[in-house]
$ cat my_file06.cif   # mmCIF, C-alpha atoms
data_data
#
loop_
_atom_site.label_atom_id
_atom_site.label_comp_id
_atom_site.auth_asym_id
_atom_site.auth_seq_id
_atom_site.Cartn_x
_atom_site.Cartn_y
_atom_site.Cartn_z
CA MET X 205 100.04 114.08 83.93
CA THR X 206 96.77 113.29 82.17
CA SER X 207 93.66 115.41 81.77
CA GLY X 208 91.96 113.06 84.26
CA ASP X 209 94.69 113.83 86.80
CA LEU X 210 94.20 117.56 86.29
CA LEU X 211 90.43 117.27 86.63
CA LEU X 212 90.79 115.14 89.76
CA GLY X 213 93.25 117.63 91.26
CA ALA X 214 90.90 120.53 90.56
CA MET X 215 87.99 118.60 92.10
CA VAL X 216 90.03 117.78 95.21
CA LEU X 217 91.02 121.42 95.73
CA GLY X 218 87.47 122.61 95.11
CA VAL X 219 86.01 120.18 97.62
CA ALA X 220 88.73 121.00 100.17
CA ILE X 221 88.03 124.72 99.92
CA PHE X 222 84.28 124.12 100.12
CA LEU X 223 84.71 122.03 103.27
CA ALA X 224 86.81 124.74 104.93
CA ARG X 225 84.44 127.56 103.99
CA GLY X 226 82.82 129.20 107.01
CA SER X 227 84.96 127.50 109.64
CA HIS X 228 87.58 128.91 112.00
CA PRO X 229 90.78 129.59 109.99
CA LEU X 230 92.83 126.99 111.88
CA LEU X 231 90.12 124.38 111.52
CA GLY X 232 89.67 125.40 107.88
CA LEU X 233 93.35 124.72 107.26
CA LEU X 234 93.00 121.34 108.99
CA LEU X 235 89.98 120.54 106.80
CA VAL X 236 91.85 121.46 103.61
CA VAL X 237 94.91 119.42 104.58
CA SER X 238 92.71 116.50 105.66
CA ALA X 239 90.67 116.55 102.46
CA VAL X 240 93.82 116.55 100.33
CA ALA X 241 95.38 113.77 102.45
CA VAL X 242 92.22 111.64 102.25
CA SER X 243 92.14 112.18 98.50
CA ALA X 244 95.77 111.08 98.22
CA LEU X 245 94.96 107.91 100.17
CA LEU X 246 91.97 107.17 97.97
CA PHE X 247 93.34 108.09 94.56
CA LEU X 248 97.10 107.50 94.49
CA PRO X 249 98.58 104.07 93.80
CA THR X 250 100.08 102.32 96.83
CA ARG X 251 103.60 102.50 95.37
CA GLU X 252 103.37 106.32 95.18
CA LEU X 253 101.99 106.56 98.70
CA GLY X 254 104.82 104.30 99.86
CA ALA X 255 107.34 106.60 98.23
CA TRP X 256 105.87 109.58 100.08
CA ILE X 257 105.38 108.09 103.54
CA GLY X 258 107.87 105.23 103.39
CA MET X 259 107.23 101.61 102.57
CA GLY X 260 108.06 100.71 106.18
CA ARG X 261 104.92 102.53 107.32
CA VAL X 262 102.87 100.88 104.57
CA HIS X 263 104.10 97.42 105.67
CA TRP X 264 103.46 98.30 109.34
CA PHE X 265 99.86 99.28 108.50
CA HIS X 266 99.37 96.06 106.49
CA ALA X 267 100.65 94.02 109.45
CA LEU X 268 98.37 95.91 111.85
CA ALA X 269 95.33 95.38 109.61
CA GLY X 270 96.24 91.73 109.08
CA SER X 271 94.82 90.80 112.48
CA THR X 272 91.41 92.31 111.69
CA PRO X 273 88.54 91.30 109.41
CA LEU X 274 89.15 94.33 107.16
CA ASP X 275 92.02 94.68 104.73
CA PRO X 276 94.23 97.82 104.81
CA ALA X 277 92.37 99.55 101.97
CA GLU X 278 89.07 99.03 103.78
CA TRP X 279 90.53 100.49 106.98
CA ILE X 280 91.70 103.52 105.02
CA HIS X 281 88.18 104.17 103.73
CA LEU X 282 86.66 103.73 107.17
CA LEU X 283 89.20 105.84 109.07
CA ALA X 284 89.50 108.58 106.45
CA PHE X 285 85.77 109.22 106.40
CA ALA X 286 85.50 108.94 110.18
CA TRP X 287 88.10 111.72 110.39
CA LEU X 288 86.24 113.85 107.84
CA GLY X 289 82.90 113.29 109.60
CA LEU X 290 84.44 114.24 112.94
CA LEU X 291 86.04 117.40 111.57
CA LEU X 292 82.96 118.50 109.66
CA TRP X 293 80.62 118.03 112.59
CA LEU X 294 82.95 119.76 115.04
CA GLY X 295 84.10 122.53 112.74
CA ARG X 296 81.08 123.49 110.68
CA ALA X 297 78.08 124.41 112.84
CA ASP X 298 76.09 125.06 109.65
CA LEU X 299 76.46 121.38 108.72
CA ARG X 300 75.25 119.87 111.99
CA ASN X 301 71.96 118.90 110.40
CA TRP X 302 70.64 117.05 107.36
CA LYS X 303 72.99 119.06 105.13
CA GLY X 304 76.01 117.57 106.90
CA TRP X 305 74.63 114.07 106.49
CA ALA X 306 73.88 114.73 102.81
CA LEU X 307 77.39 116.13 102.31
CA LEU X 308 78.96 113.02 103.83
CA VAL X 309 76.88 110.81 101.54
CA ALA X 310 77.87 112.92 98.52
CA LEU X 311 81.54 112.78 99.53
CA GLY X 312 81.42 109.02 100.12
CA VAL X 313 79.78 108.29 96.79
CA GLY X 314 81.70 111.00 94.93
CA ALA X 315 85.06 109.72 96.15
CA GLU X 316 84.34 106.34 94.66
CA LEU X 317 83.01 107.74 91.40
CA ALA X 318 86.08 109.98 91.11
CA GLN X 319 88.26 106.89 91.11
CA THR X 320 87.17 106.35 87.51
CA LEU X 321 89.52 109.25 86.69
CA THR X 322 92.55 107.36 88.03
CA GLN X 323 94.54 104.68 86.30
CA ASP X 324 95.14 102.26 89.17
CA ARG X 325 91.92 102.56 91.16
CA GLU X 326 88.37 101.52 90.47
CA PRO X 327 85.11 102.33 92.25
CA ARG X 328 83.50 99.68 94.44
CA LEU X 329 80.11 99.67 96.14
CA ALA X 330 81.67 98.07 99.22
CA ASP X 331 83.99 101.08 99.53
CA VAL X 332 81.01 103.44 99.39
CA VAL X 333 79.50 101.52 102.32
CA LEU X 334 82.78 101.81 104.25
CA ASN X 335 82.98 105.54 103.45
CA LEU X 336 79.46 106.05 104.78
CA ALA X 337 80.05 103.90 107.87
CA GLY X 338 83.21 105.89 108.63
CA GLY X 339 81.40 109.19 108.15
CA VAL X 340 78.61 108.10 110.51
CA ALA X 341 81.16 106.92 113.09
CA GLY X 342 82.97 110.27 112.87
CA VAL X 343 79.76 112.26 113.33
CA LEU X 344 78.69 110.11 116.29
CA LEU X 345 82.11 110.61 117.87
CA ALA X 346 81.84 114.37 117.29
CA MET X 347 78.41 114.39 118.94
CA LEU X 348 79.87 112.56 121.92
CA VAL X 349 82.80 114.98 122.14
CA ARG X 350 80.45 117.98 122.01
CA ARG X 351 78.26 116.47 124.73
CA ILE X 352 81.26 115.80 126.98
CA VAL X 353 82.61 119.32 126.45
CA ARG X 354 79.21 120.81 127.33
CA TRP X 355 78.98 118.56 130.40
CA LEU X 356 82.42 119.69 131.61
#
$ encode --input "my_file06.cif" --output "structure tokens"
Amino acid sequence: MTSGDLLLGAMVLGVAIFLARGSHPLLGLLLVVSAVAVSALLFLPTRELGAWIGMGRVHWFHALAGSTPLDPAEWIHLLAFAWLGLLLWLGRADLRNWKGWALLVALGVGAELAQTLTQDREPRLADVVLNLAGGVAGVLLAMLVRRIVRWL
């Protein structure tokens, strides 16, 4: 384990705890687990992820993404940040404003910059765009969910 790995791990835990702060305990736990899982998807090499979740699932996801215009890594960025945007907007009332949007931008850019600390990953501007698009999609979905719940 390198010093970069230790720094990245500390950053991931710090961000996860920050995201969970001030939310319902169950949702806070979900935010922590989600932040760590998203970080694993973004920072770990595919072979390590395959060892954890099974290469069969990795191949299944590649086959599923093969029929779309995005490659599997791009889908991961989009879906991971959509999930984070959804959870943040639903679970943190204090972030349902410009602060939430700013946090999603910081997370999207920061996740890519943090990849400089890894050996097998490198930051890409296109991934930042996908992170931001996913975050926006997640927030919009959360707004829709909140509106439907209020309507019911």
$ residues_near_point --input "my_file06.cif" --point "(86.8, 119.2, 98.7)" --cutoff "9 Å" --atoms "all atoms listed in the file" --output "list in words"
Met215, Val216, Leu217, Gly218, Val219, Ala220, Ile221, Phe222, Leu223, Ala224, Leu235, Val236, Ala239, Val240, Ser243 and Leu311 of chain X
$ write_last_selection --input "my_file06.cif" --atoms "C-alpha atoms" --output "PDB file, in the frame of the given file"
ATOM      1  CA  MET X 215      87.990 118.600  92.100  1.00  0.00           C
ATOM      2  CA  VAL X 216      90.030 117.780  95.210  1.00  0.00           C
ATOM      3  CA  LEU X 217      91.020 121.420  95.730  1.00  0.00           C
ATOM      4  CA  GLY X 218      87.470 122.610  95.110  1.00  0.00           C
ATOM      5  CA  VAL X 219      86.010 120.180  97.620  1.00  0.00           C
ATOM      6  CA  ALA X 220      88.730 121.000 100.170  1.00  0.00           C
ATOM      7  CA  ILE X 221      88.030 124.720  99.920  1.00  0.00           C
ATOM      8  CA  PHE X 222      84.280 124.120 100.120  1.00  0.00           C
ATOM      9  CA  LEU X 223      84.710 122.030 103.270  1.00  0.00           C
ATOM     10  CA  ALA X 224      86.810 124.740 104.930  1.00  0.00           C
ATOM     11  CA  LEU X 235      89.980 120.540 106.800  1.00  0.00           C
ATOM     12  CA  VAL X 236      91.850 121.460 103.610  1.00  0.00           C
ATOM     13  CA  ALA X 239      90.670 116.550 102.460  1.00  0.00           C
ATOM     14  CA  VAL X 240      93.820 116.550 100.330  1.00  0.00           C
ATOM     15  CA  SER X 243      92.140 112.180  98.500  1.00  0.00           C
ATOM     16  CA  LEU X 311      81.540 112.780  99.530  1.00  0.00           C
TER      17      LEU X 311
END
$ residues_around --input "my_file06.cif" --residues "stretch 331-333 of chain X" --least-positions-apart "4" --cutoff "12 Å" --atoms "all atoms listed in the file" --output "VMD selection string"
chain X and resid 246 274 to 285 308 to 319 325 to 327 337 to 340
$ closest_residue --input "my_file06.cif" --among "X:Trp256, X:Trp287, X:Trp355, X:Trp305" --to "X:Gly342" --atoms "all atoms listed in the file"
X:Trp287
$ closest_residue --input "my_file06.cif" --among "X:Ala286, X:Ala330, X:Ala255, X:Leu230" --to "X:Val242" --atoms "all atoms listed in the file"
X:Ala286
$ atom_distance --input "my_file06.cif" --atom1 "atom CA of X:Ile352" --atom2 "atom CA of X:Gly226"
24.1 Å
$ atom_distance --input "my_file06.cif" --atom1 "atom CA of X:Asn335" --atom2 "atom CA of X:Leu210"
23.8 Å
$ axis_aligned_box --input "my_file06.cif" --around "stretch 345-354 of chain X" --padding-each-side "6 Å" --output "JSON"
{"center_x": 80.5, "center_y": 115.7, "center_z": 122.3, "size_x": 16.5, "size_y": 22.2, "size_z": 22.0}
$ resolve_selection --input "my_file06.cif" --expression "the PyMOL selection byres ((chain X and resi 321) around 7)" --output "PyMOL selection string"
chain X and resi 208-209+212+318-320+322-323
$ atom_distance --input "my_file06.cif" --atom1 "atom CA of X:Val237" --atom2 "atom CA of X:Ala267"
26.5 Å
$ closest_residue --input "my_file06.cif" --among "X:Leu348, X:Ala269, X:Leu307, X:Leu291" --to "X:Leu233" --atoms "all atoms listed in the file"
X:Leu291
$ closest_residue --input "my_file06.cif" --among "X:Met347, X:Leu329, X:Leu356, X:Ala297" --to "X:His228" --atoms "only C-alpha atoms"
X:Ala297
$ decode --input "my_file06.cif" --residues "stretch 296-335 of chain X" --atoms "N, CA and C atoms" --output "PDB file, in the first residue's frame"
ATOM      1  N   ARG X 296     -30.452  15.054   2.512  1.00  0.00           N
ATOM      2  CA  ARG X 296     -29.842  16.210   3.181  1.00  0.00           C
ATOM      3  C   ARG X 296     -30.633  17.468   2.823  1.00  0.00           C
ATOM      4  N   ALA X 297     -31.621  17.796   3.633  1.00  0.00           N
ATOM      5  CA  ALA X 297     -32.449  18.978   3.380  1.00  0.00           C
ATOM      6  C   ALA X 297     -31.603  20.248   3.323  1.00  0.00           C
ATOM      7  N   ASP X 298     -30.500  20.272   4.079  1.00  0.00           N
ATOM      8  CA  ASP X 298     -29.643  21.458   4.088  1.00  0.00           C
ATOM      9  C   ASP X 298     -28.874  21.637   2.783  1.00  0.00           C
ATOM     10  N   LEU X 299     -28.896  20.630   1.926  1.00  0.00           N
ATOM     11  CA  LEU X 299     -28.179  20.718   0.645  1.00  0.00           C
ATOM     12  C   LEU X 299     -29.116  20.815  -0.552  1.00  0.00           C
ATOM     13  N   ARG X 300     -30.382  21.096  -0.303  1.00  0.00           N
ATOM     14  CA  ARG X 300     -31.333  21.253  -1.406  1.00  0.00           C
ATOM     15  C   ARG X 300     -31.353  22.706  -1.875  1.00  0.00           C
ATOM     16  N   ASN X 301     -30.187  23.192  -2.211  1.00  0.00           N
ATOM     17  CA  ASN X 301     -30.023  24.575  -2.671  1.00  0.00           C
ATOM     18  C   ASN X 301     -28.702  24.654  -3.439  1.00  0.00           C
ATOM     19  N   TRP X 302     -28.181  25.852  -3.568  1.00  0.00           N
ATOM     20  CA  TRP X 302     -26.941  26.036  -4.327  1.00  0.00           C
ATOM     21  C   TRP X 302     -25.780  25.264  -3.709  1.00  0.00           C
ATOM     22  N   LYS X 303     -25.833  25.044  -2.383  1.00  0.00           N
ATOM     23  CA  LYS X 303     -24.746  24.305  -1.729  1.00  0.00           C
ATOM     24  C   LYS X 303     -24.699  22.856  -2.216  1.00  0.00           C
ATOM     25  N   GLY X 304     -25.869  22.262  -2.417  1.00  0.00           N
ATOM     26  CA  GLY X 304     -25.919  20.898  -2.941  1.00  0.00           C
ATOM     27  C   GLY X 304     -25.364  20.817  -4.348  1.00  0.00           C
ATOM     28  N   TRP X 305     -25.725  21.806  -5.179  1.00  0.00           N
ATOM     29  CA  TRP X 305     -25.198  21.836  -6.539  1.00  0.00           C
ATOM     30  C   TRP X 305     -23.686  22.013  -6.515  1.00  0.00           C
ATOM     31  N   ALA X 306     -23.211  22.926  -5.665  1.00  0.00           N
ATOM     32  CA  ALA X 306     -21.763  23.164  -5.569  1.00  0.00           C
ATOM     33  C   ALA X 306     -21.037  21.914  -5.072  1.00  0.00           C
ATOM     34  N   LEU X 307     -21.648  21.209  -4.120  1.00  0.00           N
ATOM     35  CA  LEU X 307     -21.044  19.980  -3.604  1.00  0.00           C
ATOM     36  C   LEU X 307     -20.942  18.925  -4.697  1.00  0.00           C
ATOM     37  N   LEU X 308     -21.986  18.782  -5.504  1.00  0.00           N
ATOM     38  CA  LEU X 308     -21.933  17.810  -6.600  1.00  0.00           C
ATOM     39  C   LEU X 308     -20.850  18.164  -7.616  1.00  0.00           C
ATOM     40  N   VAL X 309     -20.696  19.444  -7.900  1.00  0.00           N
ATOM     41  CA  VAL X 309     -19.623  19.867  -8.816  1.00  0.00           C
ATOM     42  C   VAL X 309     -18.266  19.546  -8.196  1.00  0.00           C
ATOM     43  N   ALA X 310     -18.105  19.875  -6.912  1.00  0.00           N
ATOM     44  CA  ALA X 310     -16.825  19.598  -6.233  1.00  0.00           C
ATOM     45  C   ALA X 310     -16.536  18.101  -6.203  1.00  0.00           C
ATOM     46  N   LEU X 311     -17.559  17.291  -5.949  1.00  0.00           N
ATOM     47  CA  LEU X 311     -17.359  15.838  -5.932  1.00  0.00           C
ATOM     48  C   LEU X 311     -17.009  15.312  -7.323  1.00  0.00           C
ATOM     49  N   GLY X 312     -17.693  15.814  -8.345  1.00  0.00           N
ATOM     50  CA  GLY X 312     -17.438  15.364  -9.709  1.00  0.00           C
ATOM     51  C   GLY X 312     -16.041  15.699 -10.184  1.00  0.00           C
ATOM     52  N   VAL X 313     -15.604  16.911  -9.899  1.00  0.00           N
ATOM     53  CA  VAL X 313     -14.256  17.330 -10.284  1.00  0.00           C
ATOM     54  C   VAL X 313     -13.222  16.661  -9.377  1.00  0.00           C
ATOM     55  N   GLY X 314     -13.506  16.649  -8.077  1.00  0.00           N
ATOM     56  CA  GLY X 314     -12.577  16.069  -7.111  1.00  0.00           C
ATOM     57  C   GLY X 314     -12.323  14.591  -7.342  1.00  0.00           C
ATOM     58  N   ALA X 315     -13.367  13.860  -7.736  1.00  0.00           N
ATOM     59  CA  ALA X 315     -13.196  12.429  -7.999  1.00  0.00           C
ATOM     60  C   ALA X 315     -12.215  12.198  -9.138  1.00  0.00           C
ATOM     61  N   GLU X 316     -12.294  13.035 -10.142  1.00  0.00           N
ATOM     62  CA  GLU X 316     -11.361  12.885 -11.258  1.00  0.00           C
ATOM     63  C   GLU X 316      -9.953  13.296 -10.864  1.00  0.00           C
ATOM     64  N   LEU X 317      -9.827  14.393 -10.128  1.00  0.00           N
ATOM     65  CA  LEU X 317      -8.501  14.827  -9.698  1.00  0.00           C
ATOM     66  C   LEU X 317      -7.861  13.803  -8.759  1.00  0.00           C
ATOM     67  N   ALA X 318      -8.682  13.155  -7.934  1.00  0.00           N
ATOM     68  CA  ALA X 318      -8.155  12.154  -6.997  1.00  0.00           C
ATOM     69  C   ALA X 318      -7.599  10.938  -7.717  1.00  0.00           C
ATOM     70  N   GLN X 319      -7.999  10.734  -8.960  1.00  0.00           N
ATOM     71  CA  GLN X 319      -7.474   9.596  -9.700  1.00  0.00           C
ATOM     72  C   GLN X 319      -5.985   9.733  -9.989  1.00  0.00           C
ATOM     73  N   THR X 320      -5.433  10.927  -9.817  1.00  0.00           N
ATOM     74  CA  THR X 320      -3.986  11.085  -9.971  1.00  0.00           C
ATOM     75  C   THR X 320      -3.234  10.352  -8.865  1.00  0.00           C
ATOM     76  N   LEU X 321      -3.931  10.010  -7.776  1.00  0.00           N
ATOM     77  CA  LEU X 321      -3.306   9.286  -6.668  1.00  0.00           C
ATOM     78  C   LEU X 321      -3.282   7.774  -6.899  1.00  0.00           C
ATOM     79  N   THR X 322      -3.954   7.310  -7.934  1.00  0.00           N
ATOM     80  CA  THR X 322      -4.007   5.878  -8.221  1.00  0.00           C
ATOM     81  C   THR X 322      -2.987   5.517  -9.288  1.00  0.00           C
ATOM     82  N   GLN X 323      -2.682   4.242  -9.356  1.00  0.00           N
ATOM     83  CA  GLN X 323      -1.700   3.792 -10.342  1.00  0.00           C
ATOM     84  C   GLN X 323      -2.325   3.507 -11.704  1.00  0.00           C
ATOM     85  N   ASP X 324      -3.532   2.957 -11.714  1.00  0.00           N
ATOM     86  CA  ASP X 324      -4.121   2.483 -12.969  1.00  0.00           C
ATOM     87  C   ASP X 324      -5.208   3.383 -13.533  1.00  0.00           C
ATOM     88  N   ARG X 325      -5.442   4.511 -12.918  1.00  0.00           N
ATOM     89  CA  ARG X 325      -6.496   5.414 -13.397  1.00  0.00           C
ATOM     90  C   ARG X 325      -5.889   6.773 -13.690  1.00  0.00           C
ATOM     91  N   GLU X 326      -6.552   7.500 -14.571  1.00  0.00           N
ATOM     92  CA  GLU X 326      -6.095   8.852 -14.872  1.00  0.00           C
ATOM     93  C   GLU X 326      -7.318   9.746 -15.068  1.00  0.00           C
ATOM     94  N   PRO X 327      -7.206  11.007 -14.661  1.00  0.00           N
ATOM     95  CA  PRO X 327      -8.344  11.921 -14.788  1.00  0.00           C
ATOM     96  C   PRO X 327      -8.613  12.276 -16.247  1.00  0.00           C
ATOM     97  N   ARG X 328      -9.910  12.437 -16.545  1.00  0.00           N
ATOM     98  CA  ARG X 328     -10.325  12.840 -17.895  1.00  0.00           C
ATOM     99  C   ARG X 328     -11.429  13.872 -17.783  1.00  0.00           C
ATOM    100  N   LEU X 329     -11.369  14.896 -18.607  1.00  0.00           N
ATOM    101  CA  LEU X 329     -12.397  15.928 -18.617  1.00  0.00           C
ATOM    102  C   LEU X 329     -13.756  15.340 -19.000  1.00  0.00           C
ATOM    103  N   ALA X 330     -13.770  14.391 -19.914  1.00  0.00           N
ATOM    104  CA  ALA X 330     -15.030  13.761 -20.319  1.00  0.00           C
ATOM    105  C   ALA X 330     -15.694  13.062 -19.132  1.00  0.00           C
ATOM    106  N   ASP X 331     -14.900  12.495 -18.230  1.00  0.00           N
ATOM    107  CA  ASP X 331     -15.468  11.847 -17.045  1.00  0.00           C
ATOM    108  C   ASP X 331     -16.052  12.870 -16.079  1.00  0.00           C
ATOM    109  N   VAL X 332     -15.446  14.041 -15.999  1.00  0.00           N
ATOM    110  CA  VAL X 332     -16.009  15.114 -15.167  1.00  0.00           C
ATOM    111  C   VAL X 332     -17.393  15.480 -15.696  1.00  0.00           C
ATOM    112  N   VAL X 333     -17.519  15.595 -17.007  1.00  0.00           N
ATOM    113  CA  VAL X 333     -18.807  15.929 -17.621  1.00  0.00           C
ATOM    114  C   VAL X 333     -19.835  14.849 -17.302  1.00  0.00           C
ATOM    115  N   LEU X 334     -19.436  13.581 -17.395  1.00  0.00           N
ATOM    116  CA  LEU X 334     -20.354  12.490 -17.067  1.00  0.00           C
ATOM    117  C   LEU X 334     -20.733  12.513 -15.582  1.00  0.00           C
ATOM    118  N   ASN X 335     -19.763  12.793 -14.708  1.00  0.00           N
ATOM    119  CA  ASN X 335     -20.055  12.905 -13.282  1.00  0.00           C
ATOM    120  C   ASN X 335     -21.104  13.992 -13.038  1.00  0.00           C
TER     121      ASN X 335
END
